[in-house]
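J.: Quick one: this structure, given as structure tokens, is what I'll be asking you about.
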Amino acid sequence: MKILLLNDGQKFNNWGIQSTTISLKNILREYVDVNAQFSYLPHEIFMKKYRFDPSLFGKKIFNRNSRLRKYLGIPIKFPNYADEFEQFYEYWINNKLNKIENQVYNKIIDADLIVFNAEGSVYRANKSAALGLFLLALASKLGKKTLFCNGSFSLTNQDNILESYAKKAMQEIDYVFIREPVSFKTFCKHINHSDVEMVPDAVFIDNKTKNIEPLKQQFILSSSMLPLHSYRFTPHPIETLASEIKSKFGLDPIIAAIDTEDKYLQNIAKKNNWKLLDGSCSPLDVRNEIAKSQFILSGRYHHLIYGLIDGTPIIPFDTTSQKIKGLLELINSNQTLFDPLNILQEKPMLINNVERVLKNRSAISNEYNLKLNEIQKSFKKYSKIG
């Protein structure tokens with residue numbers, strides 16, 4: 001079977017999407033076709049704003065609202081809202097396409113199964129989600145088998161462009177796998193689909209790391225998608241929190257910061273001479289550090305999953321969507337979800353949580369192991385696609 005993987009993140013500078021891409025391929029080979037041949041539409045395509053979109057010193061020259069945007073070219077044309085779908089089906093099927101669109105179209109035509117790795121959340125006016133949903137719907141119109149997987153699904157009254165958009169696209173998509181129960185309930189409340197299942201994030205298929213080092217007197221700290229980088233004073237509340245944990249419990253902070261908006265956290269690590277895991281590290285490097293840590297404090301979805309797999313207690317920060325609430329519900333955890341924009345007020349509760357997980361680390365780890373066995377059984381649902 002030839003499988004086209006939309007939103008391939010193997011070369012993108014983010015550990016979560018790197019991991020999901022690799023894990024998803026392993027699942028598809030195990031449960032759909034052991035001899036599957038993969039082609040890819042990279043994550044960069046989903047992020048690309050213009051056909052001419054240069055960078056300088058790692059930063060894009062033109063922003064989304066550039067006055068020059070009408071001259072820079074649209075890389076891939078797709079609907080802005082539900083009522084435009086039919087016109088865009090006609091545009092794509094009649095082959096009046098630019099160079100990038102032709103490449104995408106030919107990849108769809110050449111594949112048997114089109115899989116959208118919806119890593120992240122379908123919410124508000126998310127461009128990547130809209131493009132992925134449309135390409136799946138288009139592929140179905142072209143007679144291809146289609147799968148939406150590995151994504152969360154959240155709808156709000158604010159900028160709710162995607163509800164009607166998703167309803168339109170989902171009419172065409174064959175299989176829908178939502179990765180956590182909060183989003184699964186939201187999806188089922190708003191959209192009627194005959195073959196929707198709750199199937200956890202692909203990274204849960206991974207085995208424990210083979211790290212044989214003993215636990216170290218350290219903890220992992222990473223950020224959240226909420227705008228922690230916008231804090232304008234010194235020291236940053238997250239620095240104050242990490243320093244207090246280090247002082248009170250004798251644990252060294254290990255900072256995991258790879259994303260552009262995590263520059264503030266990299267600066268904090270360098271300022272304090274704390275160990276930094278950055279873009280030079282692989283997902284396995286990060287997982288090895290998490291596995292030998294006392295706990296992980298994070299608002300990054302996949303960093304928390306790394307902890308769950310290796311039995312490292314998690315202390316979660318909230319993020320921009322409901323996915324971490326959903327993750328906690330998935331593992332039946334009554335763990336408090338902390339607000340990373342209100343650290344100073346919640347710090348006493350955070351410190352109490354640290355004390356609790358340190359006292360109960362072994363029991364918490366055993367609970368994770370039991371739950372992980374249940375979660376991994378869910379991946380058998382991929383078998384229906386073959």
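Please note that chains go A, B, ... in the order of the structure tokens, that every chain numbers its residues from 1, and that ligands are numbered from 1 in the order shown.
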Would you please extract all alpha helix (DSSP H) residues from stretch 71-216 of chain A, as assigned by DSSP on the backbone, and give them as a ChimeraX atom specification?

T.: /A:71-72,85-93,99-110,127-141,162-170,181-190

J.: Using only C-alpha atoms, I'd like a table of the residues in stretch 4-38 of chain A that come within 12 Å of stretch 144-159 of chain A; for each, show the closest atom pair and its distance in Å rounded to one decimal, ordered by chain and ascending number, as a Markdown table.

T.:
```
| residue | atom | partner | partner_atom | distance |
| --- | --- | --- | --- | --- |
| A:Leu4 | CA | A:Thr146 | CA | 9.7 |
| A:Leu5 | CA | A:Leu147 | CA | 9.8 |
| A:Leu6 | CA | A:Phe148 | CA | 9.7 |
| A:Asn7 | CA | A:Asn150 | CA | 11.0 |
| A:Gly16 | CA | A:Asn150 | CA | 11.4 |
| A:Ile17 | CA | A:Asn150 | CA | 10.3 |
| A:Ser19 | CA | A:Asn150 | CA | 11.5 |
| A:Thr20 | CA | A:Asn150 | CA | 7.9 |
| A:Thr21 | CA | A:Asn150 | CA | 9.7 |
| A:Ser23 | CA | A:Asn150 | CA | 10.4 |
| A:Leu24 | CA | A:Asn150 | CA | 8.3 |
| A:Lys25 | CA | A:Asn150 | CA | 11.8 |
| A:Ile27 | CA | A:Asn150 | CA | 11.4 |
| A:Leu28 | CA | A:Leu147 | CA | 11.1 |
| A:Val32 | CA | A:Leu147 | CA | 11.8 |
```

J.: Which polymer residues have any atom within 9 Å of an atom of stretch 275-281 of chain A, counting only C-alpha atoms, with same-chain residues fewer than 6 positions away left out, as JSON, numbers by chain?

T.: {"A": [13, 14, 15, 252, 253, 254, 255, 256, 257, 258, 259, 266, 269]}

J.: For A:Val354, work out the shell of residues within 9 Å, counting only C-alpha atoms and skipping chain neighbours fewer than 5 positions away, then give it as a PDB file with N, CA and C atoms, in the first residue's frame.

T.:
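Everything below was put into out.pdb:
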```
ATOM      1  N   ILE A 245      12.295  25.387  43.663  1.00  0.00           N
ATOM      2  CA  ILE A 245      12.318  23.919  43.676  1.00  0.00           C
ATOM      3  C   ILE A 245      13.747  23.415  43.873  1.00  0.00           C
ATOM      4  N   PHE A 249      14.307  21.378  47.381  1.00  0.00           N
ATOM      5  CA  PHE A 249      14.382  19.918  47.240  1.00  0.00           C
ATOM      6  C   PHE A 249      15.750  19.423  46.766  1.00  0.00           C
ATOM      7  N   PHE A 295      10.682  14.217  38.165  1.00  0.00           N
ATOM      8  CA  PHE A 295       9.361  14.564  37.624  1.00  0.00           C
ATOM      9  C   PHE A 295       9.580  15.516  36.461  1.00  0.00           C
ATOM     10  N   ILE A 315       3.728  17.040  36.246  1.00  0.00           N
ATOM     11  CA  ILE A 315       3.022  18.162  36.852  1.00  0.00           C
ATOM     12  C   ILE A 315       2.690  19.088  35.684  1.00  0.00           C
ATOM     13  N   MET A 349       0.836  25.873  45.747  1.00  0.00           N
ATOM     14  CA  MET A 349       0.233  24.600  45.323  1.00  0.00           C
ATOM     15  C   MET A 349       1.195  23.799  44.459  1.00  0.00           C
ATOM     16  N   LYS A 359       7.342  12.089  47.149  1.00  0.00           N
ATOM     17  CA  LYS A 359       7.046  11.084  48.177  1.00  0.00           C
ATOM     18  C   LYS A 359       6.410   9.837  47.579  1.00  0.00           C
TER      19      LYS A 359
END
```

J.: Calculated over only C-alpha atoms, which of the candidates A:Phe88, A:Phe116, A:Phe184, A:Tyr301 has the smallest distance to A:Gly9?

T.: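 Checking each of A:Phe88, A:Phe116, A:Phe184, A:Tyr301 against A:Gly9, counting only C-alpha atoms, the winner is A:Phe116.
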
J.: Do a neighbour search on A:Lys246 at 12 Å with only C-alpha atoms, toss out local chain neighbours closer than 2 positions, and write the hits as a list of chain:residue names.

T.: A:Gln217, A:Gln218, A:Phe219, A:Ile220, A:Leu221, A:Glu239, A:Thr240, A:Leu241, A:Ala242, A:Ser243, A:Glu244, A:Lys248, A:Phe249, A:Gly250, A:Leu251, A:Asp252, A:Pro253, A:Ile254, A:Asn272, A:Trp274, A:Ile351, A:Val354

J.: Residues of the last selection are to be written out with C-alpha atoms, as a PDB file, in the first residue's frame.

T.:
```
ATOM      1  CA  GLN A 217      18.461  14.630  41.520  1.00  0.00           C
ATOM      2  CA  GLN A 218      16.962  16.640  38.698  1.00  0.00           C
ATOM      3  CA  PHE A 219      13.641  17.623  37.153  1.00  0.00           C
ATOM      4  CA  ILE A 220      12.605  18.611  33.640  1.00  0.00           C
ATOM      5  CA  LEU A 221      11.053  22.005  32.980  1.00  0.00           C
ATOM      6  CA  GLU A 239      12.617  31.113  36.825  1.00  0.00           C
ATOM      7  CA  THR A 240      11.534  31.969  40.368  1.00  0.00           C
ATOM      8  CA  LEU A 241       9.616  28.690  40.610  1.00  0.00           C
ATOM      9  CA  ALA A 242      12.508  26.597  39.284  1.00  0.00           C
ATOM     10  CA  SER A 243      14.947  28.283  41.660  1.00  0.00           C
ATOM     11  CA  GLU A 244      12.697  27.584  44.639  1.00  0.00           C
ATOM     12  CA  LYS A 248      13.920  23.438  48.663  1.00  0.00           C
ATOM     13  CA  PHE A 249      14.382  19.918  47.240  1.00  0.00           C
ATOM     14  CA  GLY A 250      17.993  19.919  46.035  1.00  0.00           C
ATOM     15  CA  LEU A 251      16.997  19.164  42.444  1.00  0.00           C
ATOM     16  CA  ASP A 252      18.753  20.580  39.391  1.00  0.00           C
ATOM     17  CA  PRO A 253      16.484  22.048  36.687  1.00  0.00           C
ATOM     18  CA  ILE A 254      16.935  20.608  33.182  1.00  0.00           C
ATOM     19  CA  ASN A 272      21.592  30.257  35.676  1.00  0.00           C
ATOM     20  CA  TRP A 274      21.233  25.116  34.048  1.00  0.00           C
ATOM     21  CA  ILE A 351       5.514  23.286  45.522  1.00  0.00           C
ATOM     22  CA  VAL A 354       6.338  18.594  43.867  1.00  0.00           C
TER      23      VAL A 354
END
```

J.: Can you tell me which residues surround A:Ile343 at a distance of at most 9 Å, considering only C-alpha atoms, apart from same-chain residues fewer than 6 positions away, and format the answer as an mmCIF file with N, CA and C atoms, in the first residue's frame?

T.:
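In the end it all went to result.cif:
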```cif
data_model
loop_
_atom_site.group_PDB
_atom_site.id
_atom_site.type_symbol
_atom_site.label_atom_id
_atom_site.label_comp_id
_atom_site.auth_asym_id
_atom_site.auth_seq_id
_atom_site.Cartn_x
_atom_site.Cartn_y
_atom_site.Cartn_z
ATOM 1 N N PRO A 237 8.578 34.569 36.357
ATOM 2 C CA PRO A 237 7.983 33.696 37.383
ATOM 3 C C PRO A 237 8.401 32.238 37.265
ATOM 4 N N ILE A 238 8.604 31.742 36.044
ATOM 5 C CA ILE A 238 8.999 30.346 35.894
ATOM 6 C C ILE A 238 10.431 30.132 36.389
ATOM 7 N N LEU A 241 10.125 30.000 40.214
ATOM 8 C CA LEU A 241 9.616 28.690 40.610
ATOM 9 C C LEU A 241 10.716 27.631 40.555
ATOM 10 N N LEU A 350 1.954 24.485 43.593
ATOM 11 C CA LEU A 350 2.944 23.800 42.764
ATOM 12 C C LEU A 350 4.009 23.130 43.628
#
```

J.: Mind the document's chain letters and residue numbers, and return as a PyMOL selection string the residues of stretch 10-219 of chain A that DSSP labels strand (DSSP E or B).

T.: chain A and resi 37-42+55-56+59-60+113-117+121-122+145-153+175-178+196-198+218-219

J.: Next, write the just-selected residues to a file, as a tab-separated table (two decimals), in the first residue's frame, keeping N, CA and C atoms as the atom set.

T.:
```
chain	number	residue	atom	x	y	z
A	37	GLN	N	4.57	1.75	1.69
A	37	GLN	CA	5.52	2.69	1.11
A	37	GLN	C	5.00	4.11	1.36
A	38	PHE	N	5.85	4.96	1.93
A	38	PHE	CA	5.40	6.28	2.35
A	38	PHE	C	5.91	7.38	1.42
A	39	SER	N	5.03	8.32	1.16
A	39	SER	CA	5.43	9.61	0.60
A	39	SER	C	4.94	10.67	1.59
A	40	TYR	N	5.45	11.89	1.42
A	40	TYR	CA	5.24	12.88	2.48
A	40	TYR	C	4.90	14.26	1.93
A	41	LEU	N	4.06	14.96	2.69
A	41	LEU	CA	3.85	16.38	2.49
A	41	LEU	C	4.33	17.03	3.78
A	42	PRO	N	5.48	17.73	3.75
A	42	PRO	CA	6.12	18.17	5.00
A	42	PRO	C	5.35	19.27	5.73
A	55	SER	N	13.69	33.79	4.52
A	55	SER	CA	14.05	34.01	5.91
A	55	SER	C	15.38	34.75	5.98
A	56	LEU	N	15.60	35.46	7.08
A	56	LEU	CA	16.86	36.14	7.34
A	56	LEU	C	17.22	35.88	8.79
A	59	LYS	N	14.54	34.03	10.72
A	59	LYS	CA	13.23	34.64	10.89
A	59	LYS	C	12.64	35.00	9.53
A	60	LYS	N	11.32	34.78	9.39
A	60	LYS	CA	10.64	35.11	8.15
A	60	LYS	C	10.61	36.63	7.96
A	113	LEU	N	-3.76	5.49	0.30
A	113	LEU	CA	-4.31	5.98	1.57
A	113	LEU	C	-3.68	7.34	1.88
A	114	ILE	N	-4.52	8.32	2.20
A	114	ILE	CA	-4.04	9.65	2.57
A	114	ILE	C	-4.28	9.83	4.07
A	115	VAL	N	-3.22	10.09	4.82
A	115	VAL	CA	-3.30	10.21	6.28
A	115	VAL	C	-2.90	11.61	6.68
A	116	PHE	N	-3.77	12.30	7.41
A	116	PHE	CA	-3.45	13.61	7.95
A	116	PHE	C	-3.01	13.45	9.40
A	117	ASN	N	-1.72	13.64	9.64
A	117	ASN	CA	-1.19	13.67	11.00
A	117	ASN	C	-1.57	15.02	11.59
A	121	SER	N	-3.97	20.89	17.50
A	121	SER	CA	-5.41	20.96	17.70
A	121	SER	C	-6.12	21.56	16.50
A	122	VAL	N	-7.30	21.03	16.22
A	122	VAL	CA	-8.20	21.67	15.27
A	122	VAL	C	-9.02	22.67	16.08
A	145	LYS	N	-8.72	6.43	-0.09
A	145	LYS	CA	-9.08	6.16	1.29
A	145	LYS	C	-8.42	7.22	2.18
A	146	THR	N	-9.15	7.73	3.19
A	146	THR	CA	-8.63	8.87	3.95
A	146	THR	C	-8.76	8.64	5.46
A	147	LEU	N	-7.78	9.18	6.20
A	147	LEU	CA	-7.74	9.05	7.66
A	147	LEU	C	-7.30	10.36	8.29
A	148	PHE	N	-8.10	10.86	9.22
A	148	PHE	CA	-7.72	11.96	10.11
A	148	PHE	C	-7.32	11.32	11.43
A	149	CYS	N	-6.10	11.60	11.90
A	149	CYS	CA	-5.67	10.97	13.16
A	149	CYS	C	-4.69	11.87	13.91
A	150	ASN	N	-4.47	11.48	15.17
A	150	ASN	CA	-3.43	12.11	15.96
A	150	ASN	C	-3.72	13.57	16.29
A	151	GLY	N	-4.99	13.94	16.30
A	151	GLY	CA	-5.33	15.32	16.56
A	151	GLY	C	-6.34	15.48	17.68
A	152	SER	N	-6.34	16.66	18.28
A	152	SER	CA	-7.39	17.06	19.20
A	152	SER	C	-8.41	17.89	18.43
A	153	PHE	N	-9.53	18.17	19.07
A	153	PHE	CA	-10.60	18.87	18.36
A	153	PHE	C	-11.33	19.76	19.37
A	175	TYR	N	-12.15	7.79	7.89
A	175	TYR	CA	-11.89	7.40	9.28
A	175	TYR	C	-11.41	8.62	10.05
A	176	VAL	N	-11.91	8.75	11.28
A	176	VAL	CA	-11.54	9.87	12.14
A	176	VAL	C	-11.14	9.32	13.51
A	177	PHE	N	-9.88	9.56	13.88
A	177	PHE	CA	-9.36	9.13	15.18
A	177	PHE	C	-8.99	10.37	16.00
A	178	ILE	N	-9.72	10.62	17.07
A	178	ILE	CA	-9.46	11.75	17.96
A	178	ILE	C	-8.65	11.27	19.14
A	196	VAL	N	-16.03	7.51	13.73
A	196	VAL	CA	-15.12	8.25	14.59
A	196	VAL	C	-14.77	7.38	15.80
A	197	GLU	N	-13.52	7.37	16.18
A	197	GLU	CA	-13.04	6.60	17.33
A	197	GLU	C	-12.11	7.48	18.16
A	198	MET	N	-12.01	7.14	19.44
A	198	MET	CA	-10.98	7.77	20.25
A	198	MET	C	-9.75	6.86	20.26
A	218	GLN	N	17.27	15.62	39.70
A	218	GLN	CA	16.96	16.64	38.70
A	218	GLN	C	15.49	16.57	38.32
A	219	PHE	N	14.99	17.62	37.71
A	219	PHE	CA	13.64	17.62	37.15
A	219	PHE	C	13.68	18.34	35.82
```

J.: Given the choices A:Asp112, A:Asn35, A:Val203, A:Ile161, which gets closest to A:Ile22 if the distance is worked out from only C-alpha atoms?

T.: A:Val203

J.: Hey, can you check how far atom CA of A:Phe78 sits from atom CA of A:Phe134?

T.: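 One can read the atom CA of A:Phe78 to atom CA of A:Phe134 distance as 7.0 Å.
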
J.: A:Ser224, A:Gln10, A:Ser378, A:Asn373: which is nearest A:Val199, counting only C-alpha atoms?

T.: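 Counting only C-alpha atoms, the residue closest to A:Val199 is A:Ser378.
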